[in-house]
>>> print(open('target23.cif').read())   # mmCIF, C-alpha atoms
data_coords
loop_
_atom_site.group_PDB
_atom_site.id
_atom_site.type_symbol
_atom_site.label_atom_id
_atom_site.label_comp_id
_atom_site.auth_asym_id
_atom_site.auth_seq_id
_atom_site.Cartn_x
_atom_site.Cartn_y
_atom_site.Cartn_z
ATOM 1 C CA MET A 1 -416.605 113.217 92.826
ATOM 2 C CA LYS A 2 -418.917 114.399 95.593
ATOM 3 C CA VAL A 3 -417.053 115.784 98.595
ATOM 4 C CA LEU A 4 -418.358 115.066 102.075
ATOM 5 C CA PRO A 5 -420.087 118.132 103.567
ATOM 6 C CA PHE A 6 -417.837 120.577 105.471
ATOM 7 C CA LEU A 7 -414.706 118.722 104.361
ATOM 8 C CA SER A 8 -412.301 120.438 101.995
ATOM 9 C CA LEU A 9 -411.096 118.403 99.027
ATOM 10 C CA ARG A 10 -407.348 117.889 98.712
ATOM 11 C CA PRO A 11 -406.008 116.510 95.432
ATOM 12 C CA HIS A 12 -403.032 114.736 97.003
ATOM 13 C CA LEU A 13 -402.102 113.278 100.357
ATOM 14 C CA PRO A 14 -400.703 116.229 102.326
ATOM 15 C CA ARG A 15 -397.252 116.250 103.864
ATOM 16 C CA LEU A 16 -397.049 116.466 107.616
ATOM 17 C CA PRO A 17 -396.354 119.937 108.988
ATOM 18 C CA GLY A 18 -392.825 120.215 110.333
ATOM 19 C CA PRO A 19 -392.545 122.693 113.218
ATOM 20 C CA ARG A 20 -395.954 121.949 114.749
ATOM 21 C CA LEU A 21 -395.719 118.171 114.569
ATOM 22 C CA SER A 22 -393.984 117.624 117.926
ATOM 23 C CA THR A 23 -396.553 119.732 119.816
ATOM 24 C CA ALA A 24 -399.449 118.087 118.011
ATOM 25 C CA LEU A 25 -397.991 114.646 118.641
ATOM 26 C CA LEU A 26 -397.659 115.389 122.354
ATOM 27 C CA GLY A 27 -401.265 116.520 122.530
ATOM 28 C CA ALA A 28 -402.451 113.480 120.590
ATOM 29 C CA THR A 29 -400.464 111.161 122.875
ATOM 30 C CA VAL A 30 -402.067 112.662 125.964
ATOM 31 C CA LEU A 31 -405.487 112.255 124.389
ATOM 32 C CA GLU A 32 -404.685 108.649 123.510
ATOM 33 C CA LEU A 33 -403.872 107.940 127.175
ATOM 34 C CA VAL A 34 -407.126 109.538 128.291
ATOM 35 C CA VAL A 35 -409.100 107.523 125.742
ATOM 36 C CA LEU A 36 -407.280 104.329 126.737
ATOM 37 C CA THR A 37 -408.112 104.890 130.412
ATOM 38 C CA GLY A 38 -411.782 105.405 129.644
ATOM 39 C CA HIS A 39 -411.883 102.447 127.307
ATOM 40 C CA LEU A 40 -410.316 100.117 129.887
ATOM 41 C CA ALA A 41 -413.055 101.133 132.321
ATOM 42 C CA ALA A 42 -415.775 100.399 129.742
ATOM 43 C CA TYR A 43 -414.172 97.246 128.332
ATOM 44 C CA PRO A 44 -415.822 94.714 130.716
ATOM 45 C CA PHE A 45 -419.290 95.937 129.697
ATOM 46 C CA GLY A 46 -418.640 94.997 126.065
ATOM 47 C CA LEU A 47 -417.357 91.456 126.582
ATOM 48 C CA THR A 48 -420.669 89.751 125.957
ATOM 49 C CA GLN A 49 -422.264 89.532 122.534
ATOM 50 C CA GLU A 50 -424.972 92.090 121.923
ATOM 51 C CA ARG A 51 -428.522 90.793 122.182
ATOM 52 C CA ALA A 52 -430.691 91.210 119.123
ATOM 53 C CA PRO A 53 -433.768 93.357 119.859
ATOM 54 C CA GLN A 54 -437.117 91.615 119.930
ATOM 55 C CA GLN A 55 -439.037 91.855 116.667
ATOM 56 C CA ARG A 56 -442.251 93.811 117.123
ATOM 57 C CA THR A 57 -445.234 93.540 114.812
ATOM 58 C CA SER A 58 -446.374 96.838 113.277
ATOM 59 C CA GLN A 59 -447.081 98.373 109.910
ATOM 60 C CA HIS A 60 -443.340 98.886 109.528
ATOM 61 C CA TYR A 61 -442.345 95.293 110.173
ATOM 62 C CA VAL A 62 -443.165 91.865 108.850
ATOM 63 C CA PRO A 63 -443.804 89.316 111.623
ATOM 64 C CA GLN A 64 -440.906 86.906 111.756
ATOM 65 C CA GLN A 65 -443.086 83.811 111.695
ATOM 66 C CA ARG A 66 -444.453 84.836 108.275
ATOM 67 C CA ARG A 67 -441.034 85.272 106.716
ATOM 68 C CA ALA A 68 -439.435 82.381 104.924
ATOM 69 C CA PRO A 69 -436.188 81.160 106.535
ATOM 70 C CA GLY A 70 -432.865 82.381 105.207
ATOM 71 C CA PRO A 71 -431.725 85.737 103.829
ATOM 72 C CA PRO A 72 -434.219 87.978 102.034
ATOM 73 C CA THR A 73 -434.320 87.515 98.286
ATOM 74 C CA GLY A 74 -436.007 89.200 95.342
ATOM 75 C CA ARG A 75 -437.729 92.527 95.967
ATOM 76 C CA PRO A 76 -437.406 94.052 99.460
ATOM 77 C CA THR A 77 -440.144 93.265 101.951
ATOM 78 C CA LEU A 78 -440.387 96.930 102.927
ATOM 79 C CA PRO A 79 -440.705 99.941 100.652
ATOM 80 C CA SER A 80 -437.662 102.131 100.090
ATOM 81 C CA SER A 81 -436.701 103.758 103.387
ATOM 82 C CA PRO A 82 -434.479 106.684 104.367
ATOM 83 C CA ALA A 83 -430.958 106.309 105.699
ATOM 84 C CA ALA A 84 -432.341 106.170 109.244
ATOM 85 C CA GLU A 85 -433.914 102.803 108.499
ATOM 86 C CA ARG A 86 -430.741 101.256 107.099
ATOM 87 C CA PRO A 87 -428.942 99.266 109.845
ATOM 88 C CA VAL A 88 -425.427 100.263 110.888
ATOM 89 C CA VAL A 89 -423.042 97.474 111.904
ATOM 90 C CA LEU A 90 -420.142 98.473 114.177
ATOM 91 C CA LEU A 91 -417.014 96.291 114.071
ATOM 92 C CA HIS A 92 -414.196 96.718 116.575
ATOM 93 C CA GLY A 93 -410.451 96.283 116.225
ATOM 94 C CA PHE A 94 -407.936 93.714 117.448
ATOM 95 C CA ILE A 95 -408.184 92.610 121.127
ATOM 96 C CA ASP A 96 -411.123 94.932 121.606
ATOM 97 C CA ASN A 97 -414.900 94.703 121.839
ATOM 98 C CA ARG A 98 -418.076 96.621 121.086
ATOM 99 C CA SER A 99 -417.549 99.009 124.031
ATOM 100 C CA VAL A 100 -415.213 101.081 121.839
ATOM 101 C CA PHE A 101 -418.262 102.379 119.961
ATOM 102 C CA VAL A 102 -420.317 103.607 122.943
ATOM 103 C CA LEU A 103 -419.947 107.312 122.054
ATOM 104 C CA LEU A 104 -420.254 106.864 118.288
ATOM 105 C CA ARG A 105 -423.325 104.704 118.774
ATOM 106 C CA ARG A 106 -424.971 107.391 120.909
ATOM 107 C CA ALA A 107 -424.145 110.049 118.337
ATOM 108 C CA LEU A 108 -425.722 108.033 115.535
ATOM 109 C CA ALA A 109 -428.797 107.229 117.639
ATOM 110 C CA ARG A 110 -429.282 110.898 118.518
ATOM 111 C CA HIS A 111 -429.411 111.704 114.818
ATOM 112 C CA GLY A 112 -432.133 109.195 114.050
ATOM 113 C CA ARG A 113 -430.368 105.894 113.324
ATOM 114 C CA ARG A 114 -432.847 103.285 114.493
ATOM 115 C CA HIS A 115 -431.002 100.024 113.838
ATOM 116 C CA LEU A 116 -427.528 99.868 115.394
ATOM 117 C CA ALA A 117 -425.759 96.552 115.874
ATOM 118 C CA SER A 118 -422.331 95.599 117.192
ATOM 119 C CA LEU A 119 -420.479 92.366 116.524
ATOM 120 C CA ASN A 120 -417.855 90.887 118.823
ATOM 121 C CA TYR A 121 -415.480 88.451 117.162
ATOM 122 C CA SER A 122 -413.208 86.296 119.286
ATOM 123 C CA PRO A 123 -409.586 87.426 119.875
ATOM 124 C CA LEU A 124 -408.748 83.737 119.412
ATOM 125 C CA THR A 125 -409.766 83.951 115.754
ATOM 126 C CA ARG A 126 -406.666 82.972 113.787
ATOM 127 C CA ASP A 127 -407.733 83.983 110.297
ATOM 128 C CA LEU A 128 -409.244 87.282 109.176
ATOM 129 C CA ARG A 129 -411.205 85.413 106.514
ATOM 130 C CA THR A 130 -413.025 83.455 109.232
ATOM 131 C CA ALA A 131 -414.012 86.694 110.935
ATOM 132 C CA ALA A 132 -415.237 88.041 107.577
ATOM 133 C CA GLU A 133 -417.446 84.974 107.120
ATOM 134 C CA LEU A 134 -418.886 85.522 110.612
ATOM 135 C CA LEU A 135 -419.596 89.134 109.675
ATOM 136 C CA GLY A 136 -421.411 87.943 106.559
ATOM 137 C CA ARG A 137 -423.704 85.689 108.597
ATOM 138 C CA HIS A 138 -424.313 88.534 111.049
ATOM 139 C CA VAL A 139 -425.278 90.904 108.234
ATOM 140 C CA GLU A 140 -427.705 88.362 106.754
ATOM 141 C CA GLU A 141 -429.356 87.949 110.157
ATOM 142 C CA ILE A 142 -429.738 91.714 110.529
ATOM 143 C CA CYS A 143 -431.251 92.049 107.068
ATOM 144 C CA ALA A 144 -433.731 89.253 107.794
ATOM 145 C CA ARG A 145 -434.666 90.745 111.172
ATOM 146 C CA THR A 146 -435.115 94.345 110.032
ATOM 147 C CA GLY A 147 -436.494 93.692 106.565
ATOM 148 C CA GLN A 148 -433.759 95.858 105.008
ATOM 149 C CA ARG A 149 -431.745 94.744 101.977
ATOM 150 C CA GLU A 150 -428.637 96.808 102.780
ATOM 151 C CA VAL A 151 -426.563 97.831 105.778
ATOM 152 C CA ASP A 152 -423.796 100.313 106.455
ATOM 153 C CA ILE A 153 -420.656 99.212 108.301
ATOM 154 C CA VAL A 154 -418.249 101.223 110.454
ATOM 155 C CA GLY A 155 -415.033 99.368 111.266
ATOM 156 C CA HIS A 156 -412.163 100.475 113.496
ATOM 157 C CA SER A 157 -408.633 99.260 112.711
ATOM 158 C CA LEU A 158 -408.749 95.482 112.078
ATOM 159 C CA GLY A 159 -412.549 95.653 112.025
ATOM 160 C CA GLY A 160 -412.393 97.781 108.891
ATOM 161 C CA LEU A 161 -410.106 95.260 107.200
ATOM 162 C CA ILE A 162 -412.463 92.393 108.082
ATOM 163 C CA ALA A 163 -415.364 94.343 106.604
ATOM 164 C CA ARG A 164 -413.398 95.169 103.461
ATOM 165 C CA TYR A 165 -412.552 91.508 102.919
ATOM 166 C CA TYR A 166 -416.228 90.610 103.310
ATOM 167 C CA VAL A 167 -417.246 93.295 100.807
ATOM 168 C CA GLN A 168 -414.494 92.773 98.265
ATOM 169 C CA ARG A 169 -413.867 89.029 98.379
ATOM 170 C CA LEU A 170 -417.026 87.389 99.781
ATOM 171 C CA GLY A 171 -419.706 89.217 97.804
ATOM 172 C CA GLY A 172 -420.662 91.519 100.657
ATOM 173 C CA ASP A 173 -420.973 94.472 98.278
ATOM 174 C CA ARG A 174 -424.541 93.348 97.517
ATOM 175 C CA ARG A 175 -425.413 94.006 101.176
ATOM 176 C CA VAL A 176 -423.166 96.913 102.192
ATOM 177 C CA ARG A 177 -424.013 100.356 100.833
ATOM 178 C CA THR A 178 -421.247 102.294 102.629
ATOM 179 C CA LEU A 179 -418.200 100.986 104.461
ATOM 180 C CA VAL A 180 -416.535 103.514 106.778
ATOM 181 C CA THR A 181 -413.118 102.551 108.138
ATOM 182 C CA LEU A 182 -411.274 104.268 110.983
ATOM 183 C CA GLY A 183 -407.500 103.770 111.089
ATOM 184 C CA THR A 184 -407.606 100.551 109.065
ATOM 185 C CA PRO A 185 -404.360 99.156 107.556
ATOM 186 C CA HIS A 186 -405.668 98.829 103.990
ATOM 187 C CA GLY A 187 -402.127 98.686 102.625
ATOM 188 C CA GLY A 188 -400.651 96.799 105.580
ATOM 189 C CA THR A 189 -398.812 98.355 108.500
ATOM 190 C CA ALA A 190 -395.155 98.001 109.437
ATOM 191 C CA VAL A 191 -396.002 98.417 113.107
ATOM 192 C CA ALA A 192 -398.138 95.579 114.421
ATOM 193 C CA PRO A 193 -397.568 94.664 118.094
ATOM 194 C CA GLY A 194 -397.247 90.941 118.601
ATOM 195 C CA ALA A 195 -396.991 90.326 114.853
ATOM 196 C CA GLY A 196 -394.837 87.274 115.453
ATOM 197 C CA LEU A 197 -397.269 85.817 117.982
ATOM 198 C CA HIS A 198 -400.763 86.080 116.511
ATOM 199 C CA PRO A 199 -401.596 84.946 112.953
ATOM 200 C CA ILE A 200 -404.362 87.483 112.406
ATOM 201 C CA VAL A 201 -401.996 90.337 113.243
ATOM 202 C CA ARG A 202 -399.420 89.007 110.806
ATOM 203 C CA GLN A 203 -402.121 89.273 108.150
ATOM 204 C CA MET A 204 -402.226 93.036 108.762
ATOM 205 C CA ARG A 205 -398.586 93.550 107.852
ATOM 206 C CA GLY A 206 -397.622 94.980 104.511
ATOM 207 C CA GLY A 207 -396.981 92.340 101.872
ATOM 208 C CA SER A 208 -398.938 89.601 103.649
ATOM 209 C CA PRO A 209 -400.902 87.208 101.406
ATOM 210 C CA LEU A 210 -404.150 88.706 102.637
ATOM 211 C CA ILE A 211 -403.113 92.299 101.895
ATOM 212 C CA GLU A 212 -401.976 91.187 98.441
ATOM 213 C CA GLU A 213 -405.316 89.444 97.936
ATOM 214 C CA LEU A 214 -407.085 92.762 98.546
ATOM 215 C CA ARG A 215 -404.998 94.298 95.758
ATOM 216 C CA LEU A 216 -406.544 91.925 93.230
ATOM 217 C CA PRO A 217 -409.081 93.337 90.739
ATOM 218 C CA ALA A 218 -412.575 93.969 92.117
ATOM 219 C CA PRO A 219 -414.612 94.952 89.054
ATOM 220 C CA GLY A 220 -418.177 96.006 89.697
ATOM 221 C CA CYS A 221 -417.795 96.374 93.473
ATOM 222 C CA ARG A 222 -420.918 98.285 94.526
ATOM 223 C CA THR A 223 -419.929 99.393 98.024
ATOM 224 C CA ARG A 224 -418.828 102.968 98.630
ATOM 225 C CA PHE A 225 -415.727 103.330 100.850
ATOM 226 C CA VAL A 226 -414.957 106.225 103.207
ATOM 227 C CA SER A 227 -411.627 105.797 104.976
ATOM 228 C CA PHE A 228 -410.552 108.027 107.874
ATOM 229 C CA TRP A 229 -406.792 108.231 108.442
ATOM 230 C CA SER A 230 -404.814 110.316 110.923
ATOM 231 C CA GLU A 231 -401.418 111.897 110.389
ATOM 232 C CA LEU A 232 -400.660 111.122 114.066
ATOM 233 C CA ASP A 233 -401.747 107.475 114.019
ATOM 234 C CA GLN A 234 -398.681 105.661 115.319
ATOM 235 C CA VAL A 235 -400.182 102.225 114.674
ATOM 236 C CA MET A 236 -400.398 102.857 110.940
ATOM 237 C CA VAL A 237 -396.897 102.945 109.427
ATOM 238 C CA PRO A 238 -396.809 104.675 107.070
ATOM 239 C CA THR A 239 -399.892 106.682 108.040
ATOM 240 C CA ALA A 240 -401.191 106.707 104.454
ATOM 241 C CA THR A 241 -401.558 102.916 104.635
ATOM 242 C CA ALA A 242 -404.959 103.654 106.204
ATOM 243 C CA CYS A 243 -406.134 105.050 102.854
ATOM 244 C CA VAL A 244 -408.033 102.959 100.319
ATOM 245 C CA ASP A 245 -405.994 102.868 97.123
ATOM 246 C CA HIS A 246 -407.604 100.566 94.578
ATOM 247 C CA PRO A 247 -408.593 101.419 90.988
ATOM 248 C CA ASP A 248 -411.844 99.446 91.125
ATOM 249 C CA LEU A 249 -413.195 100.876 94.386
ATOM 250 C CA ASP A 250 -415.307 103.999 94.849
ATOM 251 C CA ALA A 251 -413.405 105.548 97.763
ATOM 252 C CA VAL A 252 -412.942 108.823 99.627
ATOM 253 C CA ASN A 253 -410.007 109.127 102.042
ATOM 254 C CA VAL A 254 -410.571 111.586 104.879
ATOM 255 C CA ARG A 255 -407.520 113.034 106.617
ATOM 256 C CA VAL A 256 -407.982 113.644 110.352
ATOM 257 C CA THR A 257 -405.665 116.054 112.157
ATOM 258 C CA GLY A 258 -404.625 116.219 115.790
ATOM 259 C CA ILE A 259 -405.664 112.785 117.094
ATOM 260 C CA GLY A 260 -404.249 109.287 117.179
ATOM 261 C CA HIS A 261 -405.434 105.738 116.594
ATOM 262 C CA LEU A 262 -407.532 105.128 119.716
ATOM 263 C CA ALA A 263 -409.334 108.471 119.519
ATOM 264 C CA LEU A 264 -410.749 107.887 116.032
ATOM 265 C CA PRO A 265 -413.919 106.036 117.196
ATOM 266 C CA VAL A 266 -414.659 108.517 120.022
ATOM 267 C CA HIS A 267 -413.778 111.982 118.731
ATOM 268 C CA PRO A 268 -416.869 114.211 118.196
ATOM 269 C CA ALA A 269 -415.585 115.680 114.906
ATOM 270 C CA VAL A 270 -414.965 112.197 113.509
ATOM 271 C CA ALA A 271 -418.395 111.048 114.691
ATOM 272 C CA ALA A 272 -420.012 113.978 112.865
ATOM 273 C CA ALA A 273 -418.066 113.196 109.691
ATOM 274 C CA VAL A 274 -418.975 109.513 109.911
ATOM 275 C CA ARG A 275 -422.642 110.439 110.219
ATOM 276 C CA GLU A 276 -422.392 112.710 107.169
ATOM 277 C CA ALA A 277 -420.712 109.915 105.202
ATOM 278 C CA LEU A 278 -423.464 107.436 106.063
ATOM 279 C CA GLU A 279 -426.209 109.902 105.168
ATOM 280 C CA SER A 280 -424.695 110.939 101.852
ATOM 281 C CA PRO A 281 -427.273 110.489 99.075
ATOM 282 C CA GLU A 282 -424.707 109.371 96.485
ATOM 283 C CA ALA A 283 -426.148 106.708 94.208
ATOM 284 C CA ARG A 284 -424.783 103.190 94.424
ATOM 285 C CA GLU A 285 -425.182 102.437 90.743
ATOM 286 C CA GLY A 286 -424.368 104.319 87.583
ATOM 287 C CA THR A 287 -421.325 106.133 88.966
ATOM 288 C CA ALA A 288 -417.736 105.388 88.092
ATOM 289 C CA PRO A 289 -415.262 104.489 90.878
ATOM 290 C CA SER A 290 -413.520 107.531 92.251
ATOM 291 C CA THR A 291 -410.732 108.103 94.741
ATOM 292 C CA GLY A 292 -410.216 111.363 96.566
ATOM 293 C CA THR A 293 -408.862 112.852 99.768
ATOM 294 C CA SER A 294 -410.649 115.139 102.215
ATOM 295 C CA SER A 295 -409.715 116.455 105.633
ATOM 296 C CA VAL A 296 -411.363 117.088 108.997
ATOM 297 C CA ALA A 297 -409.851 118.633 112.096
#
>>> encode(input="target23.cif", output="structure tokens")
Amino acid sequence: MKVLPFLSLRPHLPRLPGPRLSTALLGATVLELVVLTGHLAAYPFGLTQERAPQQRTSQHYVPQQRRAPGPPTGRPTLPSSPAAERPVVLLHGFIDNRSVFVLLRRALARHGRRHLASLNYSPLTRDLRTAAELLGRHVEEICARTGQREVDIVGHSLGGLIARYYVQRLGGDRRVRTLVTLGTPHGGTAVAPGAGLHPIVRQMRGGSPLIEELRLPAPGCRTRFVSFWSELDQVMVPTATACVDHPDLDAVNVRVTGIGHLALPVHPAVAAAVREALESPEAREGTAPSTGTSSVA
């Protein structure tokens, strides 16, 4: 299995270090408070849905009025393009909005990503499957607008689980080349604030019907998964629940040290690793599913 650049391969999930854990946890908690303060300040600016950019006619684009309605079918309208041309969809977590990705979005744009799109789903959504269907429609619209046949998705927390459901259960693997998840409860989490109050949060708990549905066979799934999990993520219990563990999925689990749940979408080292994951030239077809664990500080 190909290892992400500058990340060291670890054959098994590492045990948490004993003596240093309390100091690291204190530092991560302080960082979480700083991130939370900044995010609360930015939150109002992400409440509205992102506007789609105007389509411009050039040699790189097909005028929208000449394109048949509906999702693109058959051969792609545009010739094969580099990773920079492939759209990246950013999907936030529970009771959050697109403002959480301000720093990650800038980092990706600085490194040449031309098509970046964020999707806000309503906190009143009562079923994760409904949010996954909305994501599917959003992806089809992006593909039609940009002329690309595939997208990459980066999902934080619940956003990653919504994207996984779309890929694994709604046929989204034909559209999604790489799905990167940040602190996503793939195996269900025992700590879910308000789990008794909101249906969609109950779906994130271990043993829920939705989590069990994601354990079902997924033969031929074409999407490549890269899951970032933190040993100090206090929302994921146990922390390894943020790892993708499925025999049919091509997945790499990346262990992050020294930060907590809220810092995952904003930390520079994570942003660099996410960019490397999205730019990896691994082929989508002809490779057997593989599961591995890497680490990044």
>>> residues_near_point(input="target23.cif", point="(-395.1, 102.4, 108.3)", cutoff="7 Å", atoms="only C-alpha atoms", output="ChimeraX atom specification")
/A:189-191,236-239
>>> closest_residue(input="target23.cif", among="A:Asp245, A:Glu32, A:Glu212, A:Asp173", to="Asp152 in chain A", atoms="all atoms listed in the file")
A:Asp173
>>> closest_residue(input="target23.cif", among="A:His198, A:Arg224, A:His115, A:His92", to="Leu179 in chain A", atoms="all atoms listed in the file")
A:Arg224
>>> resolve_selection(input="target23.cif", expression="the PyMOL selection byres ((chain A and resi 122) around 10)", output="PyMOL selection string")
chain A and resi 47+94-97+119-121+123-126+131
>>> write_last_selection(input="target23.cif", atoms="C-alpha atoms", output="mmCIF file, keeping the file's coordinate frame")
data_model
loop_
_atom_site.group_PDB
_atom_site.id
_atom_site.type_symbol
_atom_site.label_atom_id
_atom_site.label_comp_id
_atom_site.auth_asym_id
_atom_site.auth_seq_id
_atom_site.Cartn_x
_atom_site.Cartn_y
_atom_site.Cartn_z
ATOM 1 C CA LEU A 47 -417.357 91.456 126.582
ATOM 2 C CA PHE A 94 -407.936 93.714 117.448
ATOM 3 C CA ILE A 95 -408.184 92.610 121.127
ATOM 4 C CA ASP A 96 -411.123 94.932 121.606
ATOM 5 C CA ASN A 97 -414.900 94.703 121.839
ATOM 6 C CA LEU A 119 -420.479 92.366 116.524
ATOM 7 C CA ASN A 120 -417.855 90.887 118.823
ATOM 8 C CA TYR A 121 -415.480 88.451 117.162
ATOM 9 C CA PRO A 123 -409.586 87.426 119.875
ATOM 10 C CA LEU A 124 -408.748 83.737 119.412
ATOM 11 C CA THR A 125 -409.766 83.951 115.754
ATOM 12 C CA ARG A 126 -406.666 82.972 113.787
ATOM 13 C CA ALA A 131 -414.012 86.694 110.935
#
>>> atom_distance(input="target23.cif", atom1="CA of Leu31 in chain A", atom2="CA of Val274 in chain A")
20.0 Å
>>> closest_residue(input="target23.cif", among="A:Leu232, A:Glu141, A:Val254, A:Tyr166", to="Gly27 in chain A", atoms="all atoms listed in the file")
A:Leu232
>>> closest_residue(input="target23.cif", among="A:Arg177, A:Arg106, A:Arg255, A:Arg137", to="Trp229 in chain A", atoms="only C-alpha atoms")
A:Arg255
>>> axis_aligned_box(input="target23.cif", around="range 124-143 of chain A", padding_each_side="8 Å", output="lines of an AutoDock Vina configuration file")
center_x = -419.0
center_y = 87.5
center_z = 113.0
size_x = 40.6
size_y = 25.1
size_z = 28.9
>>> atom_distance(input="target23.cif", atom1="CA of Gly183 in chain A", atom2="CA of Cys143 in chain A")
26.8 Å
>>> atom_distance(input="target23.cif", atom1="CA of His111 in chain A", atom2="CA of Ala163 in chain A")
23.8 Å
>>> closest_residue(input="target23.cif", among="A:Ser118, A:Ser99, A:Thr223, A:Gln234", to="Pro44 in chain A", atoms="only C-alpha atoms")
A:Ser99
